[in-house]
Structures are given as C-alpha cells and as structure tokens.
>>> print(open('final-v2.cif').read())   # mmCIF, C-alpha atoms
data_input
loop_
_atom_site.label_atom_id
_atom_site.label_comp_id
_atom_site.auth_asym_id
_atom_site.auth_seq_id
_atom_site.Cartn_x
_atom_site.Cartn_y
_atom_site.Cartn_z
CA MET A 1 97.06 56.39 220.04
CA GLU A 2 96.17 59.52 222.03
CA VAL A 3 95.50 61.31 218.73
CA ASP A 4 93.27 58.41 217.62
CA ARG A 5 91.36 58.64 220.88
CA LYS A 6 90.76 62.38 220.46
CA PHE A 7 89.37 61.99 216.94
CA LEU A 8 87.34 58.92 217.84
CA GLU A 9 85.74 60.83 220.72
CA LYS A 10 84.75 63.46 218.14
CA ALA A 11 83.15 60.71 215.99
CA ILE A 12 81.17 59.57 219.04
CA SER A 13 80.01 63.16 219.64
CA LYS A 14 78.78 63.21 216.02
CA ALA A 15 76.89 59.95 216.77
CA ILE A 16 75.19 61.72 219.69
CA GLU A 17 74.29 64.61 217.36
CA SER A 18 72.92 62.13 214.82
CA SER A 19 70.79 60.43 217.46
CA GLU A 20 69.48 63.77 218.75
CA LYS A 21 68.32 64.52 215.20
CA GLY A 22 66.41 61.24 215.18
CA LEU A 23 68.88 59.64 212.80
CA PHE A 24 70.84 56.41 213.14
CA PRO A 25 73.37 56.89 215.99
CA ALA A 26 76.59 56.87 213.99
CA GLY A 27 79.17 59.57 213.46
CA ALA A 28 82.31 59.77 211.38
CA LEU A 29 85.12 62.06 210.36
CA VAL A 30 88.04 62.05 207.96
CA VAL A 31 91.38 63.35 209.18
CA LYS A 32 94.61 64.14 207.32
CA ASN A 33 97.79 65.35 208.99
CA ASN A 34 95.91 65.69 212.30
CA LYS A 35 93.43 68.09 210.70
CA ILE A 36 89.72 67.32 210.38
CA ILE A 37 88.75 67.38 206.72
CA SER A 38 85.10 66.38 207.14
CA LEU A 39 82.55 65.46 209.82
CA SER A 40 79.27 63.67 209.33
CA VAL A 41 76.15 62.23 210.90
CA SER A 42 73.77 59.71 209.34
CA ALA A 43 71.45 60.80 206.52
CA THR A 44 67.71 60.76 206.02
CA TYR A 45 65.55 59.59 203.14
CA PRO A 46 66.03 59.73 200.19
CA ASP A 47 69.80 59.85 200.71
CA TYR A 48 70.20 57.24 203.47
CA LYS A 49 73.98 57.39 203.25
CA HIS A 50 75.79 56.15 206.31
CA SER A 51 77.80 58.70 208.25
CA GLU A 52 81.04 57.04 207.14
CA SER A 53 80.20 57.28 203.43
CA LYS A 54 79.04 60.87 203.86
CA ALA A 55 82.31 61.80 205.60
CA VAL A 56 84.33 60.19 202.81
CA ASP A 57 82.32 61.96 200.10
CA LYS A 58 82.62 65.34 201.85
CA ALA A 59 86.39 64.90 202.28
CA PHE A 60 86.80 63.91 198.64
CA ASP A 61 84.78 66.93 197.51
CA LYS A 62 86.78 69.23 199.77
CA LEU A 63 90.23 67.95 198.79
CA GLY A 64 89.34 67.23 195.18
CA GLU A 65 91.80 64.36 195.09
CA SER A 66 92.56 60.93 196.47
CA LEU A 67 92.21 60.58 200.23
CA ARG A 68 95.56 58.82 200.56
CA GLY A 69 97.11 59.64 203.91
CA CYS A 70 93.69 60.16 205.50
CA THR A 71 92.17 58.20 208.37
CA LEU A 72 88.45 57.50 208.69
CA TYR A 73 87.21 57.61 212.31
CA CYS A 74 83.86 55.93 213.03
CA SER A 75 81.78 55.58 216.17
CA LEU A 76 80.65 52.12 214.97
CA GLU A 77 82.48 49.49 212.99
CA PRO A 78 81.76 50.48 209.39
CA CYS A 79 79.79 48.20 207.10
CA LEU A 80 81.31 46.70 203.98
CA MET A 81 79.78 49.39 201.76
CA CYS A 82 81.45 52.18 203.77
CA VAL A 83 84.78 50.38 204.03
CA THR A 84 84.79 49.84 200.28
CA ARG A 85 83.86 53.48 199.60
CA ALA A 86 86.72 54.62 201.85
CA TYR A 87 89.13 52.19 200.20
CA TRP A 88 88.30 53.33 196.66
CA ALA A 89 88.68 56.97 197.77
CA GLY A 90 92.25 56.14 198.85
CA ILE A 91 91.86 55.69 202.61
CA ARG A 92 93.98 52.87 203.99
CA ARG A 93 93.37 53.37 207.73
CA ILE A 94 90.08 53.16 209.63
CA VAL A 95 89.66 53.53 213.39
CA PHE A 96 86.37 52.72 215.12
CA ALA A 97 84.99 52.35 218.65
CA CYS A 98 82.15 49.84 218.74
CA ARG A 99 82.38 46.38 217.16
CA ARG A 100 79.50 45.10 215.06
CA ASN A 101 79.12 41.94 217.13
CA VAL A 102 77.93 43.92 220.18
CA VAL A 103 75.05 45.67 218.39
CA SER A 104 72.14 44.35 216.35
CA GLN A 105 73.21 42.67 213.13
CA LEU A 106 70.23 44.38 211.49
CA TYR A 107 72.38 47.51 211.41
CA PHE A 108 74.70 45.90 208.84
CA GLU A 109 74.23 44.71 205.28
CA GLY A 110 74.84 41.01 204.95
CA ILE A 111 76.21 38.41 207.27
CA ASN A 112 79.85 38.62 206.22
CA PHE A 113 82.30 40.38 208.46
CA THR A 114 84.29 43.01 206.63
CA TYR A 115 87.61 41.55 207.81
CA ASN A 116 87.04 38.38 205.79
CA ILE A 117 86.47 40.34 202.58
CA ILE A 118 89.20 42.99 202.84
CA GLN A 119 91.81 40.25 202.85
CA SER A 120 91.31 40.09 199.07
CA PHE A 121 91.93 43.82 198.49
CA ASN A 122 95.01 44.68 196.40
CA GLU A 123 96.41 47.00 199.08
CA ARG A 124 96.46 46.51 202.82
CA LEU A 125 93.70 48.25 204.75
CA GLU A 126 94.42 48.83 208.43
CA ILE A 127 91.30 48.61 210.60
CA ILE A 128 91.71 49.38 214.29
CA CYS A 129 89.19 49.07 217.11
CA LEU A 130 89.83 51.24 220.18
CA LYS A 131 87.93 49.06 222.62
CA GLU A 132 88.43 51.54 225.46
CA LEU A 133 85.81 53.76 223.76
CA GLU A 134 83.40 50.95 222.89
CA THR A 135 81.22 51.51 225.97
CA ASP A 136 80.84 55.21 225.13
CA SER A 137 79.76 54.46 221.58
CA LEU A 138 77.52 51.57 222.62
CA CYS A 139 75.78 53.84 225.14
CA VAL A 140 74.77 56.17 222.29
CA VAL A 141 73.30 53.22 220.37
CA ARG A 142 71.44 51.85 223.41
CA ASN A 143 69.94 55.27 224.22
CA TRP A 144 68.80 55.64 220.60
CA GLU A 145 67.23 52.17 220.71
CA LYS A 146 65.35 53.01 223.93
CA GLU A 147 64.07 56.24 222.40
CA ARG A 148 62.87 54.47 219.28
CA ILE A 149 61.09 51.75 221.25
CA TYR A 150 59.44 54.42 223.41
CA HIS A 151 58.15 56.28 220.33
CA LEU A 152 56.85 53.11 218.73
CA LYS A 153 54.55 52.32 221.66
CA PRO A 154 50.86 53.31 221.15
#
>>> encode(input="final-v2.cif", output="structure tokens")
Amino acid sequence: MEVDRKFLEKAISKAIESSEKGLFPAGALVVKNNKIISLSVSATYPDYKHSESKAVDKAFDKLGESLRGCTLYCSLEPCLMCVTRAYWAGIRRIVFACRRNVVSQLYFEGINFTYNIIQSFNERLEIICLKELETDSLCVVRNWEKERIYHLKP
C-alpha cells in the first residue's frame, strides 16, 4: 500500500496542477511495474476529456498494446465513462483518493454509482479507495470551488 500511496499522491499533485490551470481539479496517472506510463490533468474545450480518460489514452498510445497489468491512479473517484474506458483498455485495478459522495454530484454523469454497474463486467475490476488521502484530494476540490465562486462574482 505504500506504493499506492506514493502514486496516489502524484495524482493529487496533478489535480493541483489542473486546478492552477483553471481546469477541473482532477489528476490521474497510469502505472505498470511501478513505472509511470502516463500522467494527466483535465482537458479544455473542445476535448473535455477527464484526466482519467486522458491518462488511459496516453498510456495506450505509449505502450501500443493492452494496458493489462497497469493500475490507474485518480485523485477523485472516476466516473463510469472513465472506469469503462480503463476497463476496455485492459486495466483491472483502479486506486483513488476522494469518494464521489463527498463532492458535488454535478461532477459525475448520472446518478448510478459505478460499483453497481461494474458488477456486471465479464472480468473483475478492483477499485480501491485510500481514504487516508481523501482530505488532501478534497482540499484541492474545495480550493478550486472557492476560486470559481470568487471569479463568478460581479
């Protein structure tokens, strides 16, 4: 779990970078054999890809093959779209810091929790929350929210 913590802290640092760029405060990376394959922040229009999907796409492009044996690390619990993208790329392990039920539900597509849907996948997908880093990740989100509210005032 110490290795998971190290990589998840890196995902949170990417969330900070994303927020500093004015983007949604999420960061992600794909790791294989304890080596970072890709890092990502959120995207802007017209792309709008989530950091998790961007990290998966970058890793797939870099390796040129299935991402079996890789782990996706995310500062926030990934949405269903990102989980599905990771799954179809071959990833069977996802580690995240901040649960979706502690942030605004507007940050997620749909009302269904991913856990309910992945039960129907053909292969098991391991999703792990390292709650000891949730406060760190949540702090990035809250700071981004404060900044956005500040800028929206006349």
>>> resolve_selection(input="final-v2.cif", expression="the PyMOL selection byres ((chain A and resi 40) around 9)", output="list in words")
Ala11, Lys14, Ala15, Ser18, Ala26, Gly27, Ala28, Leu29, Ser38, Leu39, Val41, Ser42, Ala43, His50, Ser51, Glu52, Ser53, Lys54, Ala55, Val56 and Lys58 of chain A
>>> axis_aligned_box(input="final-v2.cif", around="region 29-32 of chain A", padding_each_side="8 Å", output="JSON")
{"center_x": 89.9, "center_y": 63.1, "center_z": 208.8, "size_x": 25.5, "size_y": 18.1, "size_z": 19.0}
>>> closest_atom_pairs(input="final-v2.cif", of="region 101-149 of chain A", to="region 6-9 of chain A", cutoff="12 Å", atoms="all atoms listed in the file", output="Markdown table")
| residue | atom | partner | partner_atom | distance |
| --- | --- | --- | --- | --- |
| A:Ile128 | CA | A:Leu8 | CA | 11.1 |
| A:Cys129 | CA | A:Leu8 | CA | 10.0 |
| A:Leu130 | CA | A:Leu8 | CA | 8.4 |
| A:Lys131 | CA | A:Leu8 | CA | 11.0 |
| A:Glu132 | CA | A:Leu8 | CA | 10.7 |
| A:Leu133 | CA | A:Glu9 | CA | 7.7 |
| A:Glu134 | CA | A:Leu8 | CA | 10.2 |
| A:Thr135 | CA | A:Glu9 | CA | 11.6 |
| A:Asp136 | CA | A:Glu9 | CA | 8.7 |
| A:Ser137 | CA | A:Glu9 | CA | 8.8 |
>>> atom_distance(input="final-v2.cif", atom1="CA of Leu72 (chain A)", atom2="CA of Val95 (chain A)")
6.3 Å
>>> atom_distance(input="final-v2.cif", atom1="CA of Ser104 (chain A)", atom2="CA of Ile91 (chain A)")
26.6 Å
>>> residues_near_point(input="final-v2.cif", point="(93.3, 67.2, 209.9)", cutoff="12 Å", atoms="only C-alpha atoms", output="JSON, numbers by chain")
{"A": [3, 4, 6, 7, 29, 30, 31, 32, 33, 34, 35, 36, 37, 38, 39, 59, 63, 67, 69, 70, 71, 72, 73]}
>>> resolve_selection(input="final-v2.cif", expression="the PyMOL selection byres ((chain A and resi 117-119) around 12)", output="PyMOL selection string")
chain A and resi 79-81+83-84+86-87+92+110-116+120-127
>>> closest_residue(input="final-v2.cif", among="A:Leu76, A:Phe24, A:Ser66, A:Gln105", to="Trp88 (chain A)", atoms="only C-alpha atoms")
A:Ser66
>>> residues_near_point(input="final-v2.cif", point="(64.5, 59.6, 220.1)", cutoff="10 Å", atoms="all atoms listed in the file", output="list of chain:residue names")
A:Ser19, A:Glu20, A:Lys21, A:Gly22, A:Leu23, A:Phe24, A:Asn143, A:Trp144, A:Glu145, A:Lys146, A:Glu147, A:Arg148, A:Ile149, A:Tyr150, A:His151
>>> atom_distance(input="final-v2.cif", atom1="CA of Arg5 (chain A)", atom2="CA of Arg100 (chain A)")
18.9 Å
>>> closest_residue(input="final-v2.cif", among="A:Asp57, A:Pro25, A:Val140, A:Glu77", to="Arg99 (chain A)", atoms="all atoms listed in the file")
A:Glu77
>>> closest_residue(input="final-v2.cif", among="A:Leu138, A:Cys82, A:Ile16, A:Met1", to="Cys98 (chain A)", atoms="only C-alpha atoms")
A:Leu138
>>> closest_residue(input="final-v2.cif", among="A:Ser13, A:Cys139, A:Pro78, A:Ile94", to="Glu109 (chain A)", atoms="all atoms listed in the file")
A:Pro78
>>> build_atoms(input="final-v2.cif", residues="region 15-47 of chain A", atoms="N, CA and C atoms", output="mmCIF file, keeping the file's coordinate frame")
data_model
loop_
_atom_site.group_PDB
_atom_site.id
_atom_site.type_symbol
_atom_site.label_atom_id
_atom_site.label_comp_id
_atom_site.auth_asym_id
_atom_site.auth_seq_id
_atom_site.Cartn_x
_atom_site.Cartn_y
_atom_site.Cartn_z
ATOM 1 N N ALA A 15 77.932 60.975 216.625
ATOM 2 C CA ALA A 15 76.890 59.950 216.770
ATOM 3 C C ALA A 15 75.790 60.453 217.698
ATOM 4 N N ILE A 16 76.167 61.135 218.771
ATOM 5 C CA ILE A 16 75.190 61.720 219.690
ATOM 6 C C ILE A 16 74.343 62.755 218.934
ATOM 7 N N GLU A 17 74.997 63.606 218.159
ATOM 8 C CA GLU A 17 74.290 64.610 217.360
ATOM 9 C C GLU A 17 73.315 63.937 216.390
ATOM 10 N N SER A 18 73.772 62.866 215.755
ATOM 11 C CA SER A 18 72.920 62.130 214.820
ATOM 12 C C SER A 18 71.681 61.588 215.521
ATOM 13 N N SER A 19 71.892 60.988 216.680
ATOM 14 C CA SER A 19 70.790 60.430 217.460
ATOM 15 C C SER A 19 69.814 61.513 217.892
ATOM 16 N N GLU A 20 70.338 62.657 218.319
ATOM 17 C CA GLU A 20 69.480 63.770 218.750
ATOM 18 C C GLU A 20 68.631 64.307 217.607
ATOM 19 N N LYS A 21 69.082 64.111 216.379
ATOM 20 C CA LYS A 21 68.320 64.520 215.200
ATOM 21 C C LYS A 21 67.329 63.446 214.770
ATOM 22 N N GLY A 22 67.297 62.341 215.521
ATOM 23 C CA GLY A 22 66.410 61.240 215.180
ATOM 24 C C GLY A 22 66.961 60.307 214.123
ATOM 25 N N LEU A 23 68.218 60.455 213.821
ATOM 26 C CA LEU A 23 68.880 59.640 212.800
ATOM 27 C C LEU A 23 69.613 58.475 213.452
ATOM 28 N N PHE A 24 70.066 57.536 212.631
ATOM 29 C CA PHE A 24 70.840 56.410 213.140
ATOM 30 C C PHE A 24 72.038 56.934 213.914
ATOM 31 N N PRO A 25 72.347 56.345 215.086
ATOM 32 C CA PRO A 25 73.370 56.890 215.990
ATOM 33 C C PRO A 25 74.803 56.558 215.592
ATOM 34 N N ALA A 26 75.220 57.073 214.453
ATOM 35 C CA ALA A 26 76.590 56.870 213.990
ATOM 36 C C ALA A 26 77.182 58.204 213.581
ATOM 37 N N GLY A 27 78.459 58.359 213.852
ATOM 38 C CA GLY A 27 79.170 59.570 213.460
ATOM 39 C C GLY A 27 80.522 59.199 212.888
ATOM 40 N N ALA A 28 81.022 60.061 212.010
ATOM 41 C CA ALA A 28 82.310 59.770 211.380
ATOM 42 C C ALA A 28 83.017 61.057 210.994
ATOM 43 N N LEU A 29 84.327 60.954 210.856
ATOM 44 C CA LEU A 29 85.120 62.060 210.360
ATOM 45 C C LEU A 29 86.326 61.535 209.614
ATOM 46 N N VAL A 30 86.825 62.360 208.711
ATOM 47 C CA VAL A 30 88.040 62.050 207.960
ATOM 48 C C VAL A 30 89.091 63.055 208.383
ATOM 49 N N VAL A 31 90.277 62.537 208.673
ATOM 50 C CA VAL A 31 91.380 63.350 209.180
ATOM 51 C C VAL A 31 92.614 63.137 208.315
ATOM 52 N N LYS A 32 93.331 64.227 208.027
ATOM 53 C CA LYS A 32 94.610 64.140 207.320
ATOM 54 C C LYS A 32 95.592 65.077 208.007
ATOM 55 N N ASN A 33 96.759 64.566 208.312
ATOM 56 C CA ASN A 33 97.790 65.350 208.990
ATOM 57 C C ASN A 33 97.260 66.005 210.269
ATOM 58 N N ASN A 34 96.503 65.241 211.032
ATOM 59 C CA ASN A 34 95.910 65.690 212.300
ATOM 60 C C ASN A 34 94.949 66.856 212.145
ATOM 61 N N LYS A 35 94.407 67.035 210.958
ATOM 62 C CA LYS A 35 93.430 68.090 210.700
ATOM 63 C C LYS A 35 92.134 67.433 210.213
ATOM 64 N N ILE A 36 91.015 67.848 210.803
ATOM 65 C CA ILE A 36 89.720 67.320 210.380
ATOM 66 C C ILE A 36 89.368 67.892 209.012
ATOM 67 N N ILE A 37 89.126 66.986 208.073
ATOM 68 C CA ILE A 37 88.750 67.380 206.720
ATOM 69 C C ILE A 37 87.234 67.412 206.591
ATOM 70 N N SER A 38 86.557 66.424 207.202
ATOM 71 C CA SER A 38 85.100 66.380 207.140
ATOM 72 C C SER A 38 84.538 65.692 208.371
ATOM 73 N N LEU A 39 83.304 66.064 208.711
ATOM 74 C CA LEU A 39 82.550 65.460 209.820
ATOM 75 C C LEU A 39 81.177 65.097 209.272
ATOM 76 N N SER A 40 80.581 64.033 209.834
ATOM 77 C CA SER A 40 79.270 63.670 209.330
ATOM 78 C C SER A 40 78.445 62.899 210.336
ATOM 79 N N VAL A 41 77.131 63.038 210.171
ATOM 80 C CA VAL A 41 76.150 62.230 210.900
ATOM 81 C C VAL A 41 75.425 61.389 209.844
ATOM 82 N N SER A 42 74.534 60.537 210.277
ATOM 83 C CA SER A 42 73.770 59.710 209.340
ATOM 84 C C SER A 42 72.835 60.593 208.510
ATOM 85 N N ALA A 43 72.324 60.042 207.414
ATOM 86 C CA ALA A 43 71.450 60.800 206.520
ATOM 87 C C ALA A 43 70.010 60.331 206.639
ATOM 88 N N THR A 44 69.125 61.103 206.049
ATOM 89 C CA THR A 44 67.710 60.760 206.020
ATOM 90 C C THR A 44 67.301 60.407 204.584
ATOM 91 N N TYR A 45 66.100 59.891 204.447
ATOM 92 C CA TYR A 45 65.550 59.590 203.140
ATOM 93 C C TYR A 45 65.491 60.863 202.312
ATOM 94 N N PRO A 46 65.769 60.886 201.046
ATOM 95 C CA PRO A 46 66.030 59.730 200.190
ATOM 96 C C PRO A 46 67.509 59.373 200.092
ATOM 97 N N ASP A 47 68.359 60.084 200.799
ATOM 98 C CA ASP A 47 69.800 59.850 200.710
ATOM 99 C C ASP A 47 70.203 58.539 201.382
#
